[in-house]
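Let me begin by presenting the structure, written as structure tokens, before commenting on it.
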Amino acid sequence: MPALSAVLYRVVDDKGVPAHIIGILDAAYAFSRMLHGSRSSSGGTTDAFYRAFVPEIGTPLHAGQVELVKRCVRADRGEEERVGACVFPGLVKVSRGVPGPRGQPAEDVQTVVRRAQIICQCALNVAPQMQSPPY
């Protein structure tokens, strides 16, 4: 908290804290409340925890895992687009699955609770990395 206060003190002008900083803090607070306010859907009989995830830069967009912050022209045309930058991480609920009928160990079940907010490569005007030919 002292470090956050020091950063905010540096960006405050005579009009107060800038609106974009307030927006970031509000989003972080809402994310925190969602994380701590969630209850296990299993009634407490199964362990569950949450973890954040950040999509890897350059991987294809997956609609169930990411949300575009800025419109993507290539995705609108039905073309494949790739992750250019992650603005806010996603949230995954990890819970233990049901053991198999023959006593097989239960596999973890991952459910996307909140999609990661990203900007695609075309919106950033980033050209795909060209590999240099081997010599």
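In the structure tokens, chains take the letters A, B, ... in the order shown, each chain's residues start at 1, and ligands count up from 1 in the order shown.
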
So that I can check the surroundings of Ala48 in chain A, please list as a list in words every protein, DNA and RNA residue that reaches within 8 Å of it, counting only C-alpha atoms and ignoring chain neighbours fewer than 3 positions away. Ser40, Lys93, Val94, Ser95 and Arg96 of chain A

Selection export as a PDB file, in the first residue's frame, atoms kept: all heavy atoms:
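What landed in part_34.pdb:
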```
ATOM      1  N   SER A  40     -17.307 -21.896  -3.865  1.00  0.00           N
ATOM      2  CA  SER A  40     -17.142 -23.154  -4.580  1.00  0.00           C
ATOM      3  C   SER A  40     -18.515 -23.690  -4.968  1.00  0.00           C
ATOM      4  O   SER A  40     -19.422 -23.743  -4.149  1.00  0.00           O
ATOM      5  CB  SER A  40     -16.414 -24.173  -3.686  1.00  0.00           C
ATOM      6  OG  SER A  40     -16.406 -25.427  -4.298  1.00  0.00           O
ATOM      7  N   LYS A  93     -10.834 -20.861 -12.974  1.00  0.00           N
ATOM      8  CA  LYS A  93     -11.153 -21.610 -11.756  1.00  0.00           C
ATOM      9  C   LYS A  93     -10.663 -23.039 -11.980  1.00  0.00           C
ATOM     10  O   LYS A  93     -11.041 -23.693 -12.948  1.00  0.00           O
ATOM     11  CB  LYS A  93     -12.654 -21.607 -11.497  1.00  0.00           C
ATOM     12  CG  LYS A  93     -13.053 -22.405 -10.276  1.00  0.00           C
ATOM     13  CD  LYS A  93     -14.557 -22.371 -10.095  1.00  0.00           C
ATOM     14  CE  LYS A  93     -14.979 -23.186  -8.891  1.00  0.00           C
ATOM     15  NZ  LYS A  93     -16.445 -23.162  -8.738  1.00  0.00           N
ATOM     16  N   VAL A  94      -9.831 -23.506 -11.087  1.00  0.00           N
ATOM     17  CA  VAL A  94      -9.298 -24.860 -11.175  1.00  0.00           C
ATOM     18  C   VAL A  94      -9.905 -25.670 -10.035  1.00  0.00           C
ATOM     19  O   VAL A  94      -9.752 -25.328  -8.871  1.00  0.00           O
ATOM     20  CB  VAL A  94      -7.754 -24.874 -11.063  1.00  0.00           C
ATOM     21  CG1 VAL A  94      -7.214 -26.284 -11.185  1.00  0.00           C
ATOM     22  CG2 VAL A  94      -7.133 -23.976 -12.120  1.00  0.00           C
ATOM     23  N   SER A  95     -10.632 -26.731 -10.388  1.00  0.00           N
ATOM     24  CA  SER A  95     -11.235 -27.588  -9.372  1.00  0.00           C
ATOM     25  C   SER A  95     -10.937 -29.042  -9.711  1.00  0.00           C
ATOM     26  O   SER A  95     -10.650 -29.385 -10.851  1.00  0.00           O
ATOM     27  CB  SER A  95     -12.746 -27.345  -9.284  1.00  0.00           C
ATOM     28  OG  SER A  95     -13.356 -27.537 -10.532  1.00  0.00           O
ATOM     29  N   ARG A  96     -11.005 -29.865  -8.690  1.00  0.00           N
ATOM     30  CA  ARG A  96     -10.714 -31.282  -8.883  1.00  0.00           C
ATOM     31  C   ARG A  96     -11.930 -31.947  -9.510  1.00  0.00           C
ATOM     32  O   ARG A  96     -13.061 -31.744  -9.095  1.00  0.00           O
ATOM     33  CB  ARG A  96     -10.382 -31.941  -7.553  1.00  0.00           C
ATOM     34  CG  ARG A  96      -9.922 -33.359  -7.741  1.00  0.00           C
ATOM     35  CD  ARG A  96      -9.001 -33.894  -6.670  1.00  0.00           C
ATOM     36  NE  ARG A  96      -8.048 -32.980  -6.090  1.00  0.00           N
ATOM     37  CZ  ARG A  96      -6.822 -32.768  -6.586  1.00  0.00           C
ATOM     38  NH1 ARG A  96      -6.438 -33.344  -7.677  1.00  0.00           N
ATOM     39  NH2 ARG A  96      -5.996 -31.974  -5.970  1.00  0.00           N
TER      40      ARG A  96
END
```

Shell around range 85-87 of chain A at 10 Å using only C-alpha atoms, local window under 5 positions removed, as a list of chain:residue names:
A:Val54, A:Pro55, A:Glu56, A:Ile57, A:Gly58, A:Val66, A:Glu67, A:Leu68, A:Val69, A:Ala116, A:Gln117, A:Ile118, A:Ile119, A:Cys120, A:Gln121, A:Ala123, A:Leu124

Could you find all residues in range 51-119 of chain A that DSSP calls strand (DSSP E) from the backbone, and write them as a PyMOL selection string?
chain A and resi 51-53+66-68+83-88+90-96+108-114+116-119

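Each of A:Leu91, A:Ala19, A:Leu61, A:Ala28 was checked against Phe49 in chain A using only C-alpha atoms; the smallest atom-to-atom distance is that of A:Leu91.
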
Across A:Ala63, A:Leu25, A:Cys122, A:Pro105, the smallest distance to Glu81 in chain A, with only C-alpha atoms counted, is shown by A:Cys122

From the list A:Pro18, A:Gly84, A:Gly23, A:Pro89, the nearest residue to Phe53 in chain A using only C-alpha atoms is A:Pro89
